[in-house]
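Undergrad: You'll find target.txt just under this line, and it carries compact mmCIF, N, CA and C atoms.
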```txt
# COMPACT_ATOMS: atom_id res chain seq x y z
N MET N 1 0.83 -1.20 0.00
CA MET N 1 0.00 0.00 0.00
C MET N 1 0.87 1.26 0.00
N LYS N 2 1.97 1.25 0.75
CA LYS N 2 2.83 2.40 0.86
C LYS N 2 3.39 2.80 -0.51
N LEU N 3 3.80 1.82 -1.31
CA LEU N 3 4.35 2.08 -2.64
C LEU N 3 3.30 2.71 -3.55
N LYS N 4 2.07 2.21 -3.51
CA LYS N 4 1.01 2.77 -4.33
C LYS N 4 0.74 4.22 -3.94
N LEU N 5 0.75 4.50 -2.65
CA LEU N 5 0.51 5.86 -2.18
C LEU N 5 1.59 6.80 -2.71
N LYS N 6 2.85 6.38 -2.64
CA LYS N 6 3.94 7.21 -3.15
C LYS N 6 3.80 7.44 -4.65
N PHE N 7 3.40 6.41 -5.37
CA PHE N 7 3.22 6.54 -6.81
C PHE N 7 2.15 7.59 -7.12
N PHE N 8 1.04 7.55 -6.42
CA PHE N 8 -0.02 8.51 -6.67
C PHE N 8 0.37 9.91 -6.24
N ILE N 9 1.15 10.03 -5.18
CA ILE N 9 1.66 11.34 -4.79
C ILE N 9 2.56 11.89 -5.88
N PHE N 10 3.42 11.03 -6.41
CA PHE N 10 4.32 11.44 -7.48
C PHE N 10 3.53 11.93 -8.69
N ILE N 11 2.52 11.18 -9.08
CA ILE N 11 1.69 11.59 -10.22
C ILE N 11 1.01 12.91 -9.92
N PHE N 12 0.50 13.07 -8.72
CA PHE N 12 -0.17 14.30 -8.35
C PHE N 12 0.76 15.50 -8.47
N VAL N 13 2.00 15.35 -8.03
CA VAL N 13 2.96 16.44 -8.12
C VAL N 13 3.12 16.88 -9.56
N PHE N 14 3.30 15.94 -10.47
CA PHE N 14 3.53 16.31 -11.86
C PHE N 14 2.27 16.79 -12.55
N LEU N 15 1.13 16.26 -12.20
CA LEU N 15 -0.10 16.75 -12.79
C LEU N 15 -0.41 18.16 -12.30
N ALA N 16 0.04 18.47 -11.12
CA ALA N 16 -0.20 19.79 -10.55
C ALA N 16 0.81 20.83 -11.05
N CYS N 17 1.72 20.44 -11.92
CA CYS N 17 2.74 21.34 -12.42
C CYS N 17 2.20 22.20 -13.55
N ASP N 18 1.07 22.77 -13.33
CA ASP N 18 0.43 23.61 -14.31
C ASP N 18 0.77 25.06 -13.99
N PRO N 19 1.03 25.89 -15.00
CA PRO N 19 1.37 27.28 -14.74
C PRO N 19 0.35 28.02 -13.88
N GLY N 20 -0.88 27.57 -13.88
CA GLY N 20 -1.91 28.19 -13.06
C GLY N 20 -1.68 28.00 -11.57
N PHE N 21 -0.78 27.10 -11.19
CA PHE N 21 -0.50 26.83 -9.80
C PHE N 21 0.70 27.63 -9.29
N GLY N 22 1.14 28.64 -10.00
CA GLY N 22 2.37 29.36 -9.71
C GLY N 22 2.59 29.69 -8.25
N GLY N 23 3.75 29.29 -7.71
CA GLY N 23 4.14 29.62 -6.35
C GLY N 23 3.44 28.82 -5.27
N GLU N 24 2.55 27.94 -5.63
CA GLU N 24 1.84 27.14 -4.65
C GLU N 24 2.76 26.07 -4.08
N VAL N 25 2.61 25.79 -2.80
CA VAL N 25 3.46 24.80 -2.14
C VAL N 25 2.63 23.57 -1.79
N ARG N 26 3.19 22.40 -2.11
CA ARG N 26 2.58 21.12 -1.75
C ARG N 26 3.50 20.40 -0.78
N LYS N 27 2.92 19.77 0.20
CA LYS N 27 3.70 18.96 1.15
C LYS N 27 3.56 17.50 0.78
N ILE N 28 4.70 16.82 0.72
CA ILE N 28 4.73 15.41 0.32
C ILE N 28 5.58 14.65 1.32
N ILE N 29 5.19 13.43 1.65
CA ILE N 29 6.00 12.55 2.48
C ILE N 29 6.91 11.78 1.55
N ASP N 30 8.22 11.90 1.73
CA ASP N 30 9.17 11.24 0.83
C ASP N 30 9.47 9.82 1.28
N ALA N 31 10.40 9.17 0.60
CA ALA N 31 10.72 7.76 0.88
C ALA N 31 11.34 7.56 2.26
N ARG N 32 11.84 8.62 2.87
CA ARG N 32 12.41 8.50 4.22
C ARG N 32 11.39 8.81 5.30
N GLY N 33 10.17 9.14 4.88
CA GLY N 33 9.14 9.50 5.84
C GLY N 33 9.20 10.95 6.27
N GLN N 34 9.98 11.75 5.55
CA GLN N 34 10.13 13.17 5.86
C GLN N 34 9.14 13.98 5.03
N THR N 35 8.66 15.07 5.60
CA THR N 35 7.79 15.98 4.87
C THR N 35 8.66 16.90 4.03
N VAL N 36 8.37 16.94 2.75
CA VAL N 36 9.11 17.78 1.81
C VAL N 36 8.12 18.77 1.20
N GLN N 37 8.51 20.04 1.15
CA GLN N 37 7.67 21.05 0.53
C GLN N 37 8.14 21.26 -0.91
N ILE N 38 7.22 21.10 -1.84
CA ILE N 38 7.51 21.26 -3.26
C ILE N 38 6.76 22.50 -3.74
N THR N 39 7.49 23.43 -4.33
CA THR N 39 6.89 24.64 -4.88
C THR N 39 6.56 24.41 -6.35
N LEU N 40 5.34 24.72 -6.70
CA LEU N 40 4.86 24.55 -8.06
C LEU N 40 4.83 25.88 -8.78
N PRO N 41 4.96 25.93 -10.08
CA PRO N 41 5.06 24.79 -10.98
C PRO N 41 6.49 24.27 -11.06
N ILE N 42 6.61 23.03 -11.43
CA ILE N 42 7.91 22.42 -11.67
C ILE N 42 8.11 22.41 -13.19
N ARG N 43 9.18 23.06 -13.62
CA ARG N 43 9.42 23.16 -15.07
C ARG N 43 10.70 22.48 -15.52
N ARG N 44 11.61 22.25 -14.59
CA ARG N 44 12.91 21.66 -14.92
C ARG N 44 13.26 20.63 -13.85
N VAL N 45 13.58 19.40 -14.29
CA VAL N 45 13.85 18.30 -13.36
C VAL N 45 15.13 17.58 -13.76
N VAL N 46 15.95 17.28 -12.75
CA VAL N 46 17.09 16.38 -12.92
C VAL N 46 16.67 15.06 -12.29
N VAL N 47 16.88 13.97 -13.03
CA VAL N 47 16.43 12.65 -12.58
C VAL N 47 17.63 11.74 -12.37
N LEU N 48 17.82 11.31 -11.12
CA LEU N 48 18.89 10.38 -10.79
C LEU N 48 18.39 8.95 -10.74
N SER N 49 17.10 8.77 -10.57
CA SER N 49 16.47 7.46 -10.41
C SER N 49 15.81 7.01 -11.71
N SER N 50 16.22 5.86 -12.22
CA SER N 50 15.59 5.36 -13.45
C SER N 50 14.12 5.02 -13.22
N ASN N 51 13.78 4.64 -12.01
CA ASN N 51 12.38 4.34 -11.70
C ASN N 51 11.52 5.59 -11.82
N ALA N 52 12.03 6.71 -11.34
CA ALA N 52 11.30 7.96 -11.46
C ALA N 52 11.18 8.37 -12.92
N LEU N 53 12.21 8.08 -13.70
CA LEU N 53 12.18 8.41 -15.12
C LEU N 53 11.09 7.63 -15.85
N GLU N 54 10.84 6.40 -15.42
CA GLU N 54 9.75 5.61 -16.00
C GLU N 54 8.41 6.31 -15.77
N VAL N 55 8.21 6.82 -14.57
CA VAL N 55 6.96 7.50 -14.25
C VAL N 55 6.85 8.78 -15.07
N ILE N 56 7.94 9.49 -15.25
CA ILE N 56 7.92 10.70 -16.07
C ILE N 56 7.49 10.36 -17.50
N GLN N 57 7.97 9.24 -18.02
CA GLN N 57 7.54 8.83 -19.36
C GLN N 57 6.06 8.48 -19.38
N ILE N 58 5.58 7.79 -18.36
CA ILE N 58 4.16 7.44 -18.29
C ILE N 58 3.30 8.71 -18.31
N LEU N 59 3.78 9.74 -17.62
CA LEU N 59 3.05 11.00 -17.55
C LEU N 59 3.28 11.88 -18.78
N GLN N 60 4.12 11.41 -19.68
CA GLN N 60 4.48 12.17 -20.88
C GLN N 60 5.02 13.55 -20.52
N ALA N 61 5.89 13.57 -19.53
CA ALA N 61 6.50 14.82 -19.05
C ALA N 61 7.99 14.85 -19.35
N GLU N 62 8.40 14.18 -20.41
CA GLU N 62 9.82 14.08 -20.77
C GLU N 62 10.47 15.45 -20.99
N ASP N 63 9.69 16.41 -21.45
CA ASP N 63 10.24 17.73 -21.73
C ASP N 63 10.68 18.47 -20.47
N LEU N 64 10.28 18.00 -19.29
CA LEU N 64 10.72 18.61 -18.04
C LEU N 64 12.14 18.21 -17.66
N VAL N 65 12.62 17.10 -18.20
CA VAL N 65 13.91 16.53 -17.78
C VAL N 65 15.05 17.30 -18.44
N VAL N 66 15.92 17.88 -17.59
CA VAL N 66 17.07 18.66 -18.09
C VAL N 66 18.40 17.98 -17.80
N GLY N 67 18.40 16.90 -17.03
CA GLY N 67 19.62 16.17 -16.72
C GLY N 67 19.28 14.80 -16.16
N VAL N 68 20.21 13.83 -16.40
CA VAL N 68 19.98 12.46 -15.97
C VAL N 68 21.27 11.85 -15.42
N SER N 69 21.13 10.74 -14.75
CA SER N 69 22.31 10.02 -14.24
C SER N 69 22.99 9.28 -15.40
N ASP N 70 24.23 8.87 -15.18
CA ASP N 70 24.97 8.15 -16.22
C ASP N 70 24.32 6.82 -16.58
N TYR N 71 23.58 6.22 -15.67
CA TYR N 71 22.90 4.96 -15.94
C TYR N 71 21.95 5.09 -17.13
N ILE N 72 21.30 6.23 -17.25
CA ILE N 72 20.35 6.46 -18.34
C ILE N 72 21.07 6.42 -19.68
N HIS N 73 22.25 7.01 -19.73
CA HIS N 73 23.02 6.99 -20.98
C HIS N 73 23.60 5.61 -21.27
N GLN N 74 23.88 4.83 -20.25
CA GLN N 74 24.41 3.48 -20.44
C GLN N 74 23.36 2.54 -21.01
N LYS N 75 22.11 2.85 -20.81
CA LYS N 75 21.00 2.01 -21.27
C LYS N 75 20.23 2.74 -22.39
N ALA N 76 20.95 3.08 -23.43
CA ALA N 76 20.37 3.88 -24.52
C ALA N 76 19.16 3.21 -25.16
N GLN N 77 19.16 1.89 -25.23
CA GLN N 77 18.02 1.20 -25.85
C GLN N 77 16.74 1.39 -25.05
N LEU N 78 16.85 1.59 -23.74
CA LEU N 78 15.69 1.83 -22.89
C LEU N 78 15.31 3.31 -22.82
N TRP N 79 16.29 4.16 -22.91
CA TRP N 79 16.10 5.58 -22.63
C TRP N 79 16.50 6.46 -23.81
N SER N 80 16.11 6.08 -24.99
CA SER N 80 16.53 6.82 -26.20
C SER N 80 16.10 8.29 -26.17
N LYS N 81 14.97 8.57 -25.56
CA LYS N 81 14.47 9.96 -25.51
C LYS N 81 15.35 10.88 -24.68
N PHE N 82 16.23 10.30 -23.87
CA PHE N 82 17.00 11.11 -22.92
C PHE N 82 18.49 11.14 -23.23
N GLN N 83 18.89 10.62 -24.37
CA GLN N 83 20.32 10.56 -24.70
C GLN N 83 20.91 11.94 -24.97
N ASP N 84 20.08 12.92 -25.26
CA ASP N 84 20.58 14.27 -25.50
C ASP N 84 20.65 15.11 -24.22
N ARG N 85 20.21 14.55 -23.10
CA ARG N 85 20.25 15.29 -21.83
C ARG N 85 21.64 15.16 -21.21
N PRO N 86 22.10 16.22 -20.54
CA PRO N 86 23.41 16.16 -19.88
C PRO N 86 23.45 15.10 -18.78
N VAL N 87 24.58 14.45 -18.65
CA VAL N 87 24.80 13.48 -17.58
C VAL N 87 25.32 14.24 -16.36
N VAL N 88 24.69 14.02 -15.22
CA VAL N 88 25.05 14.74 -14.00
C VAL N 88 25.76 13.85 -12.99
N GLY N 89 26.37 12.77 -13.45
CA GLY N 89 27.07 11.87 -12.56
C GLY N 89 26.29 10.59 -12.33
N HIS N 90 26.74 9.84 -11.34
CA HIS N 90 26.13 8.55 -11.01
C HIS N 90 24.92 8.77 -10.11
N TRP N 91 24.00 7.82 -10.11
CA TRP N 91 22.77 7.94 -9.32
C TRP N 91 23.04 8.11 -7.82
N ASN N 92 24.16 7.58 -7.34
CA ASN N 92 24.46 7.72 -5.91
C ASN N 92 25.59 8.71 -5.63
N GLU N 93 26.22 9.23 -6.68
CA GLU N 93 27.28 10.23 -6.53
C GLU N 93 27.18 11.26 -7.65
N PRO N 94 26.16 12.11 -7.58
CA PRO N 94 25.99 13.10 -8.64
C PRO N 94 26.99 14.25 -8.51
N ASP N 95 27.13 14.98 -9.59
CA ASP N 95 27.96 16.18 -9.62
C ASP N 95 27.05 17.36 -9.29
N TYR N 96 27.10 17.81 -8.05
CA TYR N 96 26.18 18.86 -7.59
C TYR N 96 26.42 20.19 -8.30
N GLU N 97 27.66 20.48 -8.63
CA GLU N 97 27.94 21.72 -9.35
C GLU N 97 27.31 21.70 -10.74
N LEU N 98 27.40 20.56 -11.42
CA LEU N 98 26.77 20.44 -12.73
C LEU N 98 25.26 20.54 -12.62
N ILE N 99 24.70 19.89 -11.63
CA ILE N 99 23.25 19.98 -11.41
C ILE N 99 22.86 21.45 -11.23
N ALA N 100 23.61 22.18 -10.44
CA ALA N 100 23.29 23.59 -10.19
C ALA N 100 23.31 24.40 -11.48
N THR N 101 24.24 24.10 -12.39
CA THR N 101 24.31 24.86 -13.64
C THR N 101 23.09 24.63 -14.53
N LEU N 102 22.42 23.49 -14.36
CA LEU N 102 21.22 23.18 -15.15
C LEU N 102 19.98 23.90 -14.62
N GLN N 103 20.08 24.47 -13.44
CA GLN N 103 19.00 25.23 -12.81
C GLN N 103 17.66 24.49 -12.74
N PRO N 104 17.67 23.26 -12.21
CA PRO N 104 16.40 22.55 -12.10
C PRO N 104 15.56 23.09 -10.93
N ASP N 105 14.28 22.88 -11.03
CA ASP N 105 13.40 23.18 -9.90
C ASP N 105 13.42 22.04 -8.90
N LEU N 106 13.69 20.82 -9.41
CA LEU N 106 13.56 19.62 -8.61
C LEU N 106 14.58 18.57 -9.05
N VAL N 107 15.13 17.86 -8.07
CA VAL N 107 15.97 16.69 -8.33
C VAL N 107 15.25 15.49 -7.75
N LEU N 108 15.02 14.48 -8.57
CA LEU N 108 14.39 13.24 -8.13
C LEU N 108 15.47 12.20 -7.91
N CYS N 109 15.44 11.56 -6.74
CA CYS N 109 16.44 10.55 -6.42
C CYS N 109 15.83 9.48 -5.53
N TYR N 110 16.64 8.46 -5.24
CA TYR N 110 16.19 7.37 -4.38
C TYR N 110 16.14 7.83 -2.92
N GLY N 111 15.48 7.05 -2.10
CA GLY N 111 15.34 7.38 -0.69
C GLY N 111 16.65 7.48 0.05
N ARG N 112 17.57 6.56 -0.20
CA ARG N 112 18.83 6.54 0.55
C ARG N 112 20.01 7.11 -0.23
N PHE N 113 19.89 7.17 -1.53
CA PHE N 113 21.03 7.58 -2.36
C PHE N 113 20.62 8.70 -3.31
N PRO N 114 21.43 9.70 -3.47
CA PRO N 114 22.67 9.95 -2.74
C PRO N 114 22.37 10.28 -1.29
N GLY N 115 23.39 10.47 -0.51
CA GLY N 115 23.21 10.78 0.91
C GLY N 115 22.59 12.15 1.11
N LEU N 116 22.49 12.54 2.36
CA LEU N 116 21.84 13.81 2.70
C LEU N 116 22.61 15.03 2.21
N GLU N 117 23.82 14.82 1.66
CA GLU N 117 24.54 15.94 1.08
C GLU N 117 23.77 16.55 -0.09
N ALA N 118 22.88 15.80 -0.69
CA ALA N 118 22.06 16.34 -1.79
C ALA N 118 21.26 17.54 -1.31
N GLU N 119 20.55 17.38 -0.21
CA GLU N 119 19.79 18.49 0.35
C GLU N 119 20.72 19.61 0.83
N GLN N 120 21.81 19.23 1.47
CA GLN N 120 22.73 20.23 2.02
C GLN N 120 23.33 21.11 0.93
N LYS N 121 23.60 20.54 -0.24
CA LYS N 121 24.24 21.30 -1.31
C LYS N 121 23.25 21.97 -2.25
N LEU N 122 22.08 21.37 -2.46
CA LEU N 122 21.15 21.89 -3.46
C LEU N 122 20.08 22.83 -2.89
N MET N 123 19.57 22.53 -1.73
CA MET N 123 18.48 23.34 -1.19
C MET N 123 18.88 24.80 -0.95
N PRO N 124 20.10 25.09 -0.50
CA PRO N 124 20.47 26.51 -0.37
C PRO N 124 20.47 27.26 -1.71
N LEU N 125 20.54 26.52 -2.80
CA LEU N 125 20.51 27.11 -4.14
C LEU N 125 19.08 27.22 -4.68
N GLY N 126 18.10 26.83 -3.86
CA GLY N 126 16.71 26.87 -4.27
C GLY N 126 16.28 25.67 -5.09
N ILE N 127 17.08 24.61 -5.07
CA ILE N 127 16.77 23.39 -5.82
C ILE N 127 16.17 22.38 -4.85
N GLN N 128 14.96 21.96 -5.11
CA GLN N 128 14.26 21.02 -4.25
C GLN N 128 14.71 19.59 -4.54
N VAL N 129 14.78 18.77 -3.51
CA VAL N 129 15.15 17.36 -3.64
C VAL N 129 13.97 16.53 -3.17
N LEU N 130 13.53 15.60 -4.03
CA LEU N 130 12.44 14.70 -3.67
C LEU N 130 12.94 13.28 -3.79
N ARG N 131 12.88 12.55 -2.69
CA ARG N 131 13.36 11.18 -2.63
C ARG N 131 12.18 10.22 -2.68
N LEU N 132 12.15 9.41 -3.74
CA LEU N 132 11.07 8.44 -3.92
C LEU N 132 11.65 7.09 -4.32
N ASP N 133 11.19 6.05 -3.67
CA ASP N 133 11.56 4.68 -4.06
C ASP N 133 10.34 4.09 -4.75
N LEU N 134 10.34 4.14 -6.06
CA LEU N 134 9.19 3.66 -6.83
C LEU N 134 9.42 2.25 -7.30
```
Turn this file's structure into structure tokens for me.

TA:
Amino acid sequence: MKLKLKFFIFIFVFLACDPGFGGEVRKIIDARGQTVQITLPIRRVVVLSSNALEVIQILQAEDLVVGVSDYIHQKAQLWSKFQDRPVVGHWNEPDYELIATLQPDLVLCYGRFPGLEAEQKLMPLGIQVLRLDL
């Protein structure tokens, strides 16, 4: 049940990314059980989790993705739509400086990886981190 709930929360976040929702804040419980505030609309996303990328494809929100982990480029046959996106490092060891240069609104990653340095380095720059284990 917990996984289904997270999936629907994830879908809700992206469906709510409509320009009419400008500046609105949504609270979401992430994979660690922490409350995360997401400011809408979300227009630019860096995706470190291939599972999250699958959901983005299901939602047909591929145009939001501005950067991906190296795993996505290694699996070109699965992720052909994302081969032109910049690689921001490994799913558990991203390049935070490169992520910052892409100016995403949101970084999607796994619950445990990368470590909490993701929030420590990105949130002061106004980049939100959402951890989901889908």

Undergrad: Fewer than 5 positions away in the same chain doesn't count, so skip those; otherwise give me all residues within 7 Å of Val87 in chain N, counting only C-alpha atoms, as a list in words.

TA: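 Using only C-alpha atoms, the neighbours found are Gly67, Val68, Ser69 and Asp70 of chain N.
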
Undergrad: Considering all atoms listed in the file, state which residue in the set N:Leu59, N:Glu93, N:Gln128, N:Gln103 is at the smallest distance from Thr39 in chain N.

TA: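 Closest to Thr39 in chain N, using all atoms listed in the file: N:Gln128.
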
Undergrad: Distance atom C of Asp105 in chain N-CA of Pro124 in chain N, one decimal place?

TA: 11.9 Å

Undergrad: Just give me the gap between CA of Ile42 in chain N and CA of Ala76 in chain N in Å, one decimal is fine.

TA: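 Interatomic distance, CA of Ile42 in chain N to CA of Ala76 in chain N: 25.8 Å.
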
Undergrad: With only N, CA and C atoms as the basis for distance, which of N:Gly115, N:Arg32, N:Ile38, N:Glu24 is at the shortest distance from Asn92 in chain N?

TA: N:Gly115

Undergrad: In Å, how far is it from CA of Arg44 in chain N to CA of Arg26 in chain N?

TA: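 CA of Arg44 in chain N sits 16.7 Å away from CA of Arg26 in chain N.
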
Undergrad: For range 97-100 of chain N, what centre and edge lengths in Å (one decimal) does the axis-aligned box get once 6 Å is added on each side of all its listed atoms, as JSON?

TA:
```
{"center_x": 25.4, "center_y": 22.1, "center_z": -10.7, "size_x": 17.1, "size_y": 16.5, "size_z": 16.1}
```

Undergrad: Could you please write out, as a ChimeraX atom specification, every residue of range 98-130 of chain N that DSSP assigns to strand (DSSP E)?

TA: /N:106-109,128-130

Undergrad: Restricting the calculation to all atoms listed in the file, which member of N:Leu48, N:Val66, N:Val55, N:Leu78 is positioned closest to Trp91 in chain N?

TA: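 Among the listed residues, N:Leu48 lies closest to Trp91 in chain N.
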
Undergrad: Quick check for you: according to DSSP on this backbone, which residues of chain N are classed as helix (DSSP H, G or I)? Reply as a tab-separated table (two decimals) with N, CA and C atoms, in the frame of the given file.

TA:
```
chain	number	residue	atom	x	y	z
N	2	LYS	N	1.97	1.25	0.75
N	2	LYS	CA	2.83	2.40	0.86
N	2	LYS	C	3.39	2.80	-0.51
N	3	LEU	N	3.80	1.82	-1.31
N	3	LEU	CA	4.35	2.08	-2.64
N	3	LEU	C	3.30	2.71	-3.55
N	4	LYS	N	2.07	2.21	-3.51
N	4	LYS	CA	1.01	2.77	-4.33
N	4	LYS	C	0.74	4.22	-3.94
N	5	LEU	N	0.75	4.50	-2.65
N	5	LEU	CA	0.51	5.86	-2.18
N	5	LEU	C	1.59	6.80	-2.71
N	6	LYS	N	2.85	6.38	-2.64
N	6	LYS	CA	3.94	7.21	-3.15
N	6	LYS	C	3.80	7.44	-4.65
N	7	PHE	N	3.40	6.41	-5.37
N	7	PHE	CA	3.22	6.54	-6.81
N	7	PHE	C	2.15	7.59	-7.12
N	8	PHE	N	1.04	7.55	-6.42
N	8	PHE	CA	-0.02	8.51	-6.67
N	8	PHE	C	0.37	9.91	-6.24
N	9	ILE	N	1.15	10.03	-5.18
N	9	ILE	CA	1.66	11.34	-4.79
N	9	ILE	C	2.56	11.89	-5.88
N	10	PHE	N	3.42	11.03	-6.41
N	10	PHE	CA	4.32	11.44	-7.48
N	10	PHE	C	3.53	11.93	-8.69
N	11	ILE	N	2.52	11.18	-9.08
N	11	ILE	CA	1.69	11.59	-10.22
N	11	ILE	C	1.01	12.91	-9.92
N	12	PHE	N	0.50	13.07	-8.72
N	12	PHE	CA	-0.17	14.30	-8.35
N	12	PHE	C	0.76	15.50	-8.47
N	13	VAL	N	2.00	15.35	-8.03
N	13	VAL	CA	2.96	16.44	-8.12
N	13	VAL	C	3.12	16.88	-9.56
N	14	PHE	N	3.30	15.94	-10.47
N	14	PHE	CA	3.53	16.31	-11.86
N	14	PHE	C	2.27	16.79	-12.55
N	15	LEU	N	1.13	16.26	-12.20
N	15	LEU	CA	-0.10	16.75	-12.79
N	15	LEU	C	-0.41	18.16	-12.30
N	19	PRO	N	1.03	25.89	-15.00
N	19	PRO	CA	1.37	27.28	-14.74
N	19	PRO	C	0.35	28.02	-13.88
N	20	GLY	N	-0.88	27.57	-13.88
N	20	GLY	CA	-1.91	28.19	-13.06
N	20	GLY	C	-1.68	28.00	-11.57
N	21	PHE	N	-0.78	27.10	-11.19
N	21	PHE	CA	-0.50	26.83	-9.80
N	21	PHE	C	0.70	27.63	-9.29
N	50	SER	N	16.22	5.86	-12.22
N	50	SER	CA	15.59	5.36	-13.45
N	50	SER	C	14.12	5.02	-13.22
N	51	ASN	N	13.78	4.64	-12.01
N	51	ASN	CA	12.38	4.34	-11.70
N	51	ASN	C	11.52	5.59	-11.82
N	52	ALA	N	12.03	6.71	-11.34
N	52	ALA	CA	11.30	7.96	-11.46
N	52	ALA	C	11.18	8.37	-12.92
N	53	LEU	N	12.21	8.08	-13.70
N	53	LEU	CA	12.18	8.41	-15.12
N	53	LEU	C	11.09	7.63	-15.85
N	54	GLU	N	10.84	6.40	-15.42
N	54	GLU	CA	9.75	5.61	-16.00
N	54	GLU	C	8.41	6.31	-15.77
N	55	VAL	N	8.21	6.82	-14.57
N	55	VAL	CA	6.96	7.50	-14.25
N	55	VAL	C	6.85	8.78	-15.07
N	56	ILE	N	7.94	9.49	-15.25
N	56	ILE	CA	7.92	10.70	-16.07
N	56	ILE	C	7.49	10.36	-17.50
N	57	GLN	N	7.97	9.24	-18.02
N	57	GLN	CA	7.54	8.83	-19.36
N	57	GLN	C	6.06	8.48	-19.38
N	58	ILE	N	5.58	7.79	-18.36
N	58	ILE	CA	4.16	7.44	-18.29
N	58	ILE	C	3.30	8.71	-18.31
N	62	GLU	N	8.40	14.18	-20.41
N	62	GLU	CA	9.82	14.08	-20.77
N	62	GLU	C	10.47	15.45	-20.99
N	63	ASP	N	9.69	16.41	-21.45
N	63	ASP	CA	10.24	17.73	-21.73
N	63	ASP	C	10.68	18.47	-20.47
N	64	LEU	N	10.28	18.00	-19.29
N	64	LEU	CA	10.72	18.61	-18.04
N	64	LEU	C	12.14	18.21	-17.66
N	70	ASP	N	24.23	8.87	-15.18
N	70	ASP	CA	24.97	8.15	-16.22
N	70	ASP	C	24.32	6.82	-16.58
N	71	TYR	N	23.58	6.22	-15.67
N	71	TYR	CA	22.90	4.96	-15.94
N	71	TYR	C	21.95	5.09	-17.13
N	72	ILE	N	21.30	6.23	-17.25
N	72	ILE	CA	20.35	6.46	-18.34
N	72	ILE	C	21.07	6.42	-19.68
N	73	HIS	N	22.25	7.01	-19.73
N	73	HIS	CA	23.02	6.99	-20.98
N	73	HIS	C	23.60	5.61	-21.27
N	74	GLN	N	23.88	4.83	-20.25
N	74	GLN	CA	24.41	3.48	-20.44
N	74	GLN	C	23.36	2.54	-21.01
N	80	SER	N	16.11	6.08	-24.99
N	80	SER	CA	16.53	6.82	-26.20
N	80	SER	C	16.10	8.29	-26.17
N	81	LYS	N	14.97	8.57	-25.56
N	81	LYS	CA	14.47	9.96	-25.51
N	81	LYS	C	15.35	10.88	-24.68
N	82	PHE	N	16.23	10.30	-23.87
N	82	PHE	CA	17.00	11.11	-22.92
N	82	PHE	C	18.49	11.14	-23.23
N	96	TYR	N	27.10	17.81	-8.05
N	96	TYR	CA	26.18	18.86	-7.59
N	96	TYR	C	26.42	20.19	-8.30
N	97	GLU	N	27.66	20.48	-8.63
N	97	GLU	CA	27.94	21.72	-9.35
N	97	GLU	C	27.31	21.70	-10.74
N	98	LEU	N	27.40	20.56	-11.42
N	98	LEU	CA	26.77	20.44	-12.73
N	98	LEU	C	25.26	20.54	-12.62
N	99	ILE	N	24.70	19.89	-11.63
N	99	ILE	CA	23.25	19.98	-11.41
N	99	ILE	C	22.86	21.45	-11.23
N	100	ALA	N	23.61	22.18	-10.44
N	100	ALA	CA	23.29	23.59	-10.19
N	100	ALA	C	23.31	24.40	-11.48
N	101	THR	N	24.24	24.10	-12.39
N	101	THR	CA	24.31	24.86	-13.64
N	101	THR	C	23.09	24.63	-14.53
N	102	LEU	N	22.42	23.49	-14.36
N	102	LEU	CA	21.22	23.18	-15.15
N	102	LEU	C	19.98	23.90	-14.62
N	117	GLU	N	23.82	14.82	1.66
N	117	GLU	CA	24.54	15.94	1.08
N	117	GLU	C	23.77	16.55	-0.09
N	118	ALA	N	22.88	15.80	-0.69
N	118	ALA	CA	22.06	16.34	-1.79
N	118	ALA	C	21.26	17.54	-1.31
N	119	GLU	N	20.55	17.38	-0.21
N	119	GLU	CA	19.79	18.49	0.35
N	119	GLU	C	20.72	19.61	0.83
N	120	GLN	N	21.81	19.23	1.47
N	120	GLN	CA	22.73	20.23	2.02
N	120	GLN	C	23.33	21.11	0.93
N	121	LYS	N	23.60	20.54	-0.24
N	121	LYS	CA	24.24	21.30	-1.31
N	121	LYS	C	23.25	21.97	-2.25
N	122	LEU	N	22.08	21.37	-2.46
N	122	LEU	CA	21.15	21.89	-3.46
N	122	LEU	C	20.08	22.83	-2.89
N	123	MET	N	19.57	22.53	-1.73
N	123	MET	CA	18.48	23.34	-1.19
N	123	MET	C	18.88	24.80	-0.95
N	124	PRO	N	20.10	25.09	-0.50
N	124	PRO	CA	20.47	26.51	-0.37
N	124	PRO	C	20.47	27.26	-1.71
N	125	LEU	N	20.54	26.52	-2.80
N	125	LEU	CA	20.51	27.11	-4.14
N	125	LEU	C	19.08	27.22	-4.68
```

Undergrad: Point out the residue among N:Gly23, N:Glu54, N:Pro94, N:Gly89 with the least atom-to-atom distance to Pro114 in chain N, counting all atoms listed in the file.

TA: N:Pro94

Undergrad: For Ala31 in chain N, please output as a PyMOL selection string all residues within 8 Å (counting all atoms listed in the file; exclusion window: fewer than 3 positions along the same chain).

TA: chain N and resi 6+28+34-35+110-112+130-134

Undergrad: My list of candidates is N:Val47, N:Asp63, N:Phe113, N:Gln37. Which is closest to Ile99 in chain N when distances are computed with only C-alpha atoms?

TA: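 For Ile99 in chain N, the nearest of the given residues is N:Val47.
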